[in-house]
Amino acid sequence: MGEAAHRYEETLPLEYRTQESRLNILGFWIFLGAEVALFATLFATYLVLFQRTGSGPTAGELFEVKDVLIETLLLLTSSFTCGLAIFEMRRGRMSGLIAWLLVTLLLGAGFITFEIREFIHYVHEGATMQTSAFLSSFFVLVGTHGAHVSVGIGWMILIIIQLLQRGLTAKTARKVFIVSLYWHFLDVVWIFIFTLVYLLGMVI
């Protein structure tokens with residue numbers, strides 16, 4: 001029985017081959033459920049307040065299509081490259097795994113750079129958190145997502161360092177897989193931000 005279980009585990013992807021790894025991955029899915037609740041609350045708050053602009057600018061007056069599209073392209077492309085990193089990991093190719101993780105990092109850093117520039121531009125236009133309820137909810141929602149992306153970048157850097165030090169093992173593979181789940185989650189959240197915040201703001 002034990003030998004059969006061992007043979008079965010050998011057929012699984014590297015990140016699922018130990019009981020500890022499977023439990024950690026399950027635990028992270030539960031954590032993502034809590035993150036869904038957090039962002040759902042922020043989205044609900046924004047949708048209630050986004051027309052309460054007071055004397056400040058409206059979303060249509062503030063948002064610029066070009067910058068938002070660049071941010072979207074960078075982050076969605078990073079989701080694809082993160083998927084390629086997992087593909088290389090499951091093929092046992094360490095060099096490909098690290099290369100695609102580095103590309104993902106660069107795209108994520110590009111996204112954060114454009115988002116910071118976007119926020120600075122808004123502040124220079126007089127659009128701050130104190131200007132209106134709309135801008136308060138906007139900065140909290142988008143800023144929270146940006147903070148999560150920044151955490152993901154730092155997390156990925158630490159995992160790359162561990163891969164270089166320890167190689168590709170069941171433990172490091174689990175860590176790579178979990179950070180990839182986190183990264184894909186943030187990309188899904190951004191799709192909702194792009195649609196409900198930027199597109200809706202430009203249309204209404």
# chains A, B, ... in the order shown; residues from 1 in each chain; ligands from 1
>>> residues_around(residues="Met202 of chain A", least_positions_apart="2", cutoff="9 Å", atoms="only C-alpha atoms", output="list in words")
Ala59, Gly60, Glu61, Leu62, Phe63, Glu64, Val65, Val197, Tyr198, Leu199, Leu200 and Ile204 of chain A
>>> write_last_selection(atoms="N, CA, C and O atoms", output="compact mmCIF listing (two decimals), in the first residue's frame")
# COMPACT_ATOMS: atom_id res chain seq x y z
N ALA A 59 -14.15 60.75 -12.81
CA ALA A 59 -13.30 59.70 -13.37
C ALA A 59 -13.01 59.96 -14.85
O ALA A 59 -11.88 59.79 -15.32
N GLY A 60 -14.04 60.39 -15.58
CA GLY A 60 -13.86 60.66 -17.01
C GLY A 60 -12.87 61.78 -17.28
O GLY A 60 -12.15 61.77 -18.29
N GLU A 61 -12.82 62.76 -16.39
CA GLU A 61 -11.88 63.88 -16.55
C GLU A 61 -10.47 63.49 -16.15
O GLU A 61 -9.50 64.09 -16.63
N LEU A 62 -10.33 62.49 -15.30
CA LEU A 62 -9.04 62.15 -14.71
C LEU A 62 -8.30 61.05 -15.46
O LEU A 62 -7.10 61.15 -15.72
N PHE A 63 -8.99 59.98 -15.79
CA PHE A 63 -8.32 58.79 -16.33
C PHE A 63 -7.85 59.01 -17.77
O PHE A 63 -8.54 59.64 -18.57
N GLU A 64 -6.68 58.46 -18.08
CA GLU A 64 -6.12 58.51 -19.43
C GLU A 64 -5.99 57.08 -19.95
O GLU A 64 -5.36 56.24 -19.32
N VAL A 65 -6.59 56.85 -21.12
CA VAL A 65 -6.67 55.50 -21.67
C VAL A 65 -5.28 54.90 -21.90
O VAL A 65 -5.03 53.74 -21.56
N VAL A 197 -13.40 50.17 -12.69
CA VAL A 197 -12.90 51.48 -12.29
C VAL A 197 -12.62 52.33 -13.51
O VAL A 197 -13.22 53.40 -13.70
N TYR A 198 -11.73 51.86 -14.38
CA TYR A 198 -11.28 52.71 -15.48
C TYR A 198 -12.31 52.75 -16.64
O TYR A 198 -12.73 53.84 -17.06
N LEU A 199 -12.71 51.61 -17.16
CA LEU A 199 -13.65 51.62 -18.29
C LEU A 199 -14.99 52.23 -17.88
O LEU A 199 -15.53 53.07 -18.60
N LEU A 200 -15.51 51.79 -16.74
CA LEU A 200 -16.78 52.35 -16.27
C LEU A 200 -16.68 53.84 -16.02
O LEU A 200 -17.57 54.62 -16.35
N ILE A 204 -19.21 56.47 -17.99
CA ILE A 204 -20.26 57.18 -17.27
C ILE A 204 -19.90 58.64 -17.04
O ILE A 204 -18.79 58.93 -16.62
>>> residues_around(residues="Ile153 of chain A", least_positions_apart="6", cutoff="8 Å", atoms="only C-alpha atoms", output="list of chain:residue names")
A:Leu105, A:Gly108, A:Ala109
>>> closest_residue(among="A:Val140, A:Ile98, A:Leu106, A:Leu74", to="Thr41 of chain A", atoms="only C-alpha atoms")
A:Val140
>>> atom_distance(atom1="atom CA of Gly143 of chain A", atom2="atom CA of Leu158 of chain A")
22.8 Å
>>> closest_residue(among="A:Thr53, A:Val36, A:Ile120, A:Ser21", to="Tyr182 of chain A", atoms="only C-alpha atoms")
A:Val36
>>> atom_distance(atom1="atom CA of Gly27 of chain A", atom2="atom CA of Trp100 of chain A")
25.6 Å
>>> closest_residue(among="A:Ile25, A:Leu141, A:Ile193, A:Val48", to="Glu71 of chain A", atoms="only C-alpha atoms")
A:Ile193
>>> closest_residue(among="A:Ile160, A:Phe50, A:Phe194, A:Thr144", to="Ala173 of chain A", atoms="only C-alpha atoms")
A:Ile160
>>> select_by_dssp(residues="chain A", states="helix (DSSP H, G or I)", output="PyMOL selection string")
chain A and resi 2-11+14-16+19-49+59-62+65-90+94-124+133-166+170-203
>>> residues_around(residues="Leu26 of chain A", least_positions_apart="3", cutoff="12 Å", atoms="only C-alpha atoms", output="list of chain:residue names")
A:Glu15, A:Tyr16, A:Gln19, A:Glu20, A:Ser21, A:Arg22, A:Leu23, A:Trp29, A:Ile30, A:Phe31, A:Leu32, A:Gly33, A:Arg174, A:Phe177, A:Ile178, A:Leu181
>>> write_last_selection(atoms="N, CA, C and O atoms", output="PDB file, in the first residue's frame")
ATOM      1  N   GLU A  15       5.571  20.015  -7.023  1.00  0.00           N
ATOM      2  CA  GLU A  15       5.072  20.820  -5.899  1.00  0.00           C
ATOM      3  C   GLU A  15       3.977  20.106  -5.097  1.00  0.00           C
ATOM      4  O   GLU A  15       3.624  20.551  -4.002  1.00  0.00           O
ATOM      5  N   TYR A  16       3.442  18.997  -5.631  1.00  0.00           N
ATOM      6  CA  TYR A  16       2.376  18.264  -4.934  1.00  0.00           C
ATOM      7  C   TYR A  16       2.844  16.933  -4.347  1.00  0.00           C
ATOM      8  O   TYR A  16       2.020  16.169  -3.850  1.00  0.00           O
ATOM      9  N   GLN A  19       2.933  15.545   1.493  1.00  0.00           N
ATOM     10  CA  GLN A  19       1.705  15.915   2.205  1.00  0.00           C
ATOM     11  C   GLN A  19       1.776  17.359   2.690  1.00  0.00           C
ATOM     12  O   GLN A  19       0.794  18.108   2.626  1.00  0.00           O
ATOM     13  N   GLU A  20       2.950  17.770   3.162  1.00  0.00           N
ATOM     14  CA  GLU A  20       3.133  19.144   3.633  1.00  0.00           C
ATOM     15  C   GLU A  20       2.861  20.146   2.520  1.00  0.00           C
ATOM     16  O   GLU A  20       2.173  21.159   2.730  1.00  0.00           O
ATOM     17  N   SER A  21       3.385  19.855   1.330  1.00  0.00           N
ATOM     18  CA  SER A  21       3.184  20.768   0.204  1.00  0.00           C
ATOM     19  C   SER A  21       1.717  20.869  -0.174  1.00  0.00           C
ATOM     20  O   SER A  21       1.191  21.966  -0.415  1.00  0.00           O
ATOM     21  N   ARG A  22       1.039  19.726  -0.192  1.00  0.00           N
ATOM     22  CA  ARG A  22      -0.379  19.741  -0.562  1.00  0.00           C
ATOM     23  C   ARG A  22      -1.205  20.536   0.453  1.00  0.00           C
ATOM     24  O   ARG A  22      -2.102  21.292   0.086  1.00  0.00           O
ATOM     25  N   LEU A  23      -0.873  20.389   1.724  1.00  0.00           N
ATOM     26  CA  LEU A  23      -1.595  21.142   2.761  1.00  0.00           C
ATOM     27  C   LEU A  23      -1.290  22.637   2.676  1.00  0.00           C
ATOM     28  O   LEU A  23      -2.183  23.470   2.861  1.00  0.00           O
ATOM     29  N   TRP A  29      -4.924  28.536  -0.866  1.00  0.00           N
ATOM     30  CA  TRP A  29      -6.212  28.772  -1.531  1.00  0.00           C
ATOM     31  C   TRP A  29      -7.209  29.394  -0.545  1.00  0.00           C
ATOM     32  O   TRP A  29      -7.985  30.283  -0.916  1.00  0.00           O
ATOM     33  N   ILE A  30      -7.189  28.924   0.697  1.00  0.00           N
ATOM     34  CA  ILE A  30      -8.070  29.503   1.723  1.00  0.00           C
ATOM     35  C   ILE A  30      -7.702  30.964   1.981  1.00  0.00           C
ATOM     36  O   ILE A  30      -8.574  31.830   2.116  1.00  0.00           O
ATOM     37  N   PHE A  31      -6.388  31.250   2.016  1.00  0.00           N
ATOM     38  CA  PHE A  31      -5.939  32.636   2.185  1.00  0.00           C
ATOM     39  C   PHE A  31      -6.443  33.507   1.030  1.00  0.00           C
ATOM     40  O   PHE A  31      -6.881  34.648   1.243  1.00  0.00           O
ATOM     41  N   LEU A  32      -6.392  32.972  -0.197  1.00  0.00           N
ATOM     42  CA  LEU A  32      -6.885  33.745  -1.339  1.00  0.00           C
ATOM     43  C   LEU A  32      -8.381  34.026  -1.216  1.00  0.00           C
ATOM     44  O   LEU A  32      -8.858  35.064  -1.679  1.00  0.00           O
ATOM     45  N   GLY A  33      -9.108  33.114  -0.566  1.00  0.00           N
ATOM     46  CA  GLY A  33     -10.526  33.380  -0.308  1.00  0.00           C
ATOM     47  C   GLY A  33     -10.710  34.609   0.564  1.00  0.00           C
ATOM     48  O   GLY A  33     -11.619  35.422   0.337  1.00  0.00           O
ATOM     49  N   ARG A 174       7.099  24.074  -4.451  1.00  0.00           N
ATOM     50  CA  ARG A 174       5.862  24.487  -3.793  1.00  0.00           C
ATOM     51  C   ARG A 174       5.813  26.002  -3.638  1.00  0.00           C
ATOM     52  O   ARG A 174       4.788  26.643  -3.877  1.00  0.00           O
ATOM     53  N   PHE A 177       5.113  27.650  -6.956  1.00  0.00           N
ATOM     54  CA  PHE A 177       3.718  27.450  -7.358  1.00  0.00           C
ATOM     55  C   PHE A 177       2.790  28.369  -6.573  1.00  0.00           C
ATOM     56  O   PHE A 177       1.869  28.972  -7.142  1.00  0.00           O
ATOM     57  N   ILE A 178       3.037  28.504  -5.269  1.00  0.00           N
ATOM     58  CA  ILE A 178       2.177  29.356  -4.436  1.00  0.00           C
ATOM     59  C   ILE A 178       2.301  30.822  -4.843  1.00  0.00           C
ATOM     60  O   ILE A 178       1.290  31.536  -4.944  1.00  0.00           O
ATOM     61  N   LEU A 181       0.261  31.372  -7.903  1.00  0.00           N
ATOM     62  CA  LEU A 181      -1.175  31.520  -7.604  1.00  0.00           C
ATOM     63  C   LEU A 181      -1.483  32.948  -7.170  1.00  0.00           C
ATOM     64  O   LEU A 181      -2.478  33.548  -7.601  1.00  0.00           O
TER      65      LEU A 181
END
>>> atom_distance(atom1="atom CA of Ile159 of chain A", atom2="atom CA of Leu101 of chain A")
9.5 Å
>>> closest_residue(among="A:Phe87, A:Phe43, A:Phe80, A:Phe119", to="Thr195 of chain A", atoms="only C-alpha atoms")
A:Phe43
>>> closest_residue(among="A:Ala99, A:Arg91, A:Ile112, A:Gln162", to="Pro13 of chain A", atoms="only C-alpha atoms")
A:Arg91
>>> residues_around(residues="Val149 of chain A", least_positions_apart="3", cutoff="12 Å", atoms="only C-alpha atoms", output="number ranges by chain")
A: 75, 78-79, 104-113, 115, 142-146, 152-156, 179-180, 182-187, 189-190
>>> write_last_selection(atoms="N, CA and C atoms", output="mmCIF file, in the first residue's frame")
data_model
loop_
_atom_site.group_PDB
_atom_site.id
_atom_site.type_symbol
_atom_site.label_atom_id
_atom_site.label_comp_id
_atom_site.auth_asym_id
_atom_site.auth_seq_id
_atom_site.Cartn_x
_atom_site.Cartn_y
_atom_site.Cartn_z
ATOM 1 N N LEU A 75 0.818 43.918 -16.891
ATOM 2 C CA LEU A 75 0.439 42.966 -15.851
ATOM 3 C C LEU A 75 -0.111 41.670 -16.447
ATOM 4 N N SER A 78 2.675 39.641 -17.727
ATOM 5 C CA SER A 78 3.412 39.023 -16.625
ATOM 6 C C SER A 78 2.713 37.760 -16.133
ATOM 7 N N SER A 79 1.397 37.706 -16.244
ATOM 8 C CA SER A 79 0.666 36.493 -15.872
ATOM 9 C C SER A 79 1.027 35.354 -16.817
ATOM 10 N N THR A 104 8.942 38.023 -15.461
ATOM 11 C CA THR A 104 7.732 38.376 -14.712
ATOM 12 C C THR A 104 8.009 39.524 -13.748
ATOM 13 N N LEU A 105 9.149 39.454 -13.064
ATOM 14 C CA LEU A 105 9.537 40.527 -12.147
ATOM 15 C C LEU A 105 9.675 41.860 -12.869
ATOM 16 N N LEU A 106 10.327 41.843 -14.012
ATOM 17 C CA LEU A 106 10.534 43.087 -14.764
ATOM 18 C C LEU A 106 9.204 43.682 -15.222
ATOM 19 N N LEU A 107 8.298 42.831 -15.673
ATOM 20 C CA LEU A 107 6.984 43.323 -16.096
ATOM 21 C C LEU A 107 6.203 43.871 -14.907
ATOM 22 N N GLY A 108 6.296 43.176 -13.774
ATOM 23 C CA GLY A 108 5.630 43.665 -12.565
ATOM 24 C C GLY A 108 6.199 44.993 -12.103
ATOM 25 N N ALA A 109 7.520 45.128 -12.171
ATOM 26 C CA ALA A 109 8.158 46.393 -11.790
ATOM 27 C C ALA A 109 7.744 47.509 -12.739
ATOM 28 N N GLY A 110 7.605 47.178 -14.030
ATOM 29 C CA GLY A 110 7.133 48.166 -14.998
ATOM 30 C C GLY A 110 5.718 48.624 -14.672
ATOM 31 N N PHE A 111 4.867 47.683 -14.293
ATOM 32 C CA PHE A 111 3.493 48.019 -13.914
ATOM 33 C C PHE A 111 3.486 48.979 -12.727
ATOM 34 N N ILE A 112 4.262 48.664 -11.696
ATOM 35 C CA ILE A 112 4.306 49.514 -10.503
ATOM 36 C C ILE A 112 4.845 50.903 -10.852
ATOM 37 N N THR A 113 5.846 50.960 -11.715
ATOM 38 C CA THR A 113 6.417 52.248 -12.130
ATOM 39 C C THR A 113 5.355 53.122 -12.785
ATOM 40 N N GLU A 115 2.126 52.833 -12.456
ATOM 41 C CA GLU A 115 1.080 53.160 -11.491
ATOM 42 C C GLU A 115 1.508 54.310 -10.574
ATOM 43 N N VAL A 142 -7.086 50.890 -5.709
ATOM 44 C CA VAL A 142 -5.977 50.678 -6.649
ATOM 45 C C VAL A 142 -4.646 50.612 -5.903
ATOM 46 N N GLY A 143 -4.513 51.435 -4.846
ATOM 47 C CA GLY A 143 -3.285 51.404 -4.060
ATOM 48 C C GLY A 143 -3.094 50.086 -3.319
ATOM 49 N N THR A 144 -4.193 49.506 -2.827
ATOM 50 C CA THR A 144 -4.102 48.205 -2.155
ATOM 51 C C THR A 144 -3.643 47.136 -3.132
ATOM 52 N N HIS A 145 -4.177 47.175 -4.337
ATOM 53 C CA HIS A 145 -3.729 46.221 -5.360
ATOM 54 C C HIS A 145 -2.257 46.430 -5.683
ATOM 55 N N GLY A 146 -1.849 47.690 -5.844
ATOM 56 C CA GLY A 146 -0.448 47.984 -6.128
ATOM 57 C C GLY A 146 0.479 47.520 -5.017
ATOM 58 N N GLY A 152 4.316 40.899 -3.965
ATOM 59 C CA GLY A 152 4.587 39.773 -4.856
ATOM 60 C C GLY A 152 5.953 39.848 -5.500
ATOM 61 N N ILE A 153 6.381 41.051 -5.878
ATOM 62 C CA ILE A 153 7.710 41.228 -6.473
ATOM 63 C C ILE A 153 8.788 40.860 -5.464
ATOM 64 N N GLY A 154 8.668 41.389 -4.234
ATOM 65 C CA GLY A 154 9.652 41.059 -3.211
ATOM 66 C C GLY A 154 9.673 39.577 -2.891
ATOM 67 N N TRP A 155 8.497 38.973 -2.812
ATOM 68 C CA TRP A 155 8.367 37.542 -2.533
ATOM 69 C C TRP A 155 9.051 36.722 -3.619
ATOM 70 N N MET A 156 8.823 37.092 -4.881
ATOM 71 C CA MET A 156 9.406 36.360 -5.994
ATOM 72 C C MET A 156 10.928 36.469 -5.991
ATOM 73 N N VAL A 179 3.517 31.283 -5.109
ATOM 74 C CA VAL A 179 3.653 32.685 -5.517
ATOM 75 C C VAL A 179 3.022 32.896 -6.889
ATOM 76 N N SER A 180 3.002 31.865 -7.725
ATOM 77 C CA SER A 180 2.340 31.993 -9.031
ATOM 78 C C SER A 180 0.826 32.114 -8.851
ATOM 79 N N TYR A 182 -0.638 33.477 -6.308
ATOM 80 C CA TYR A 182 -0.789 34.850 -5.814
ATOM 81 C C TYR A 182 -0.740 35.837 -6.978
ATOM 82 N N TRP A 183 0.216 35.631 -7.863
ATOM 83 C CA TRP A 183 0.395 36.549 -8.995
ATOM 84 C C TRP A 183 -0.799 36.499 -9.941
ATOM 85 N N HIS A 184 -1.286 35.303 -10.251
ATOM 86 C CA HIS A 184 -2.451 35.182 -11.131
ATOM 87 C C HIS A 184 -3.687 35.800 -10.483
ATOM 88 N N PHE A 185 -3.816 35.647 -9.168
ATOM 89 C CA PHE A 185 -4.932 36.268 -8.452
ATOM 90 C C PHE A 185 -4.908 37.778 -8.636
ATOM 91 N N LEU A 186 -3.731 38.385 -8.509
ATOM 92 C CA LEU A 186 -3.623 39.838 -8.666
ATOM 93 C C LEU A 186 -3.951 40.275 -10.086
ATOM 94 N N ASP A 187 -3.636 39.439 -11.065
ATOM 95 C CA ASP A 187 -3.996 39.755 -12.449
ATOM 96 C C ASP A 187 -5.508 39.735 -12.635
ATOM 97 N N VAL A 189 -7.723 40.325 -10.273
ATOM 98 C CA VAL A 189 -8.218 41.528 -9.594
ATOM 99 C C VAL A 189 -8.047 42.746 -10.500
ATOM 100 N N TRP A 190 -6.898 42.831 -11.190
ATOM 101 C CA TRP A 190 -6.665 43.973 -12.067
ATOM 102 C C TRP A 190 -7.676 44.021 -13.205
#
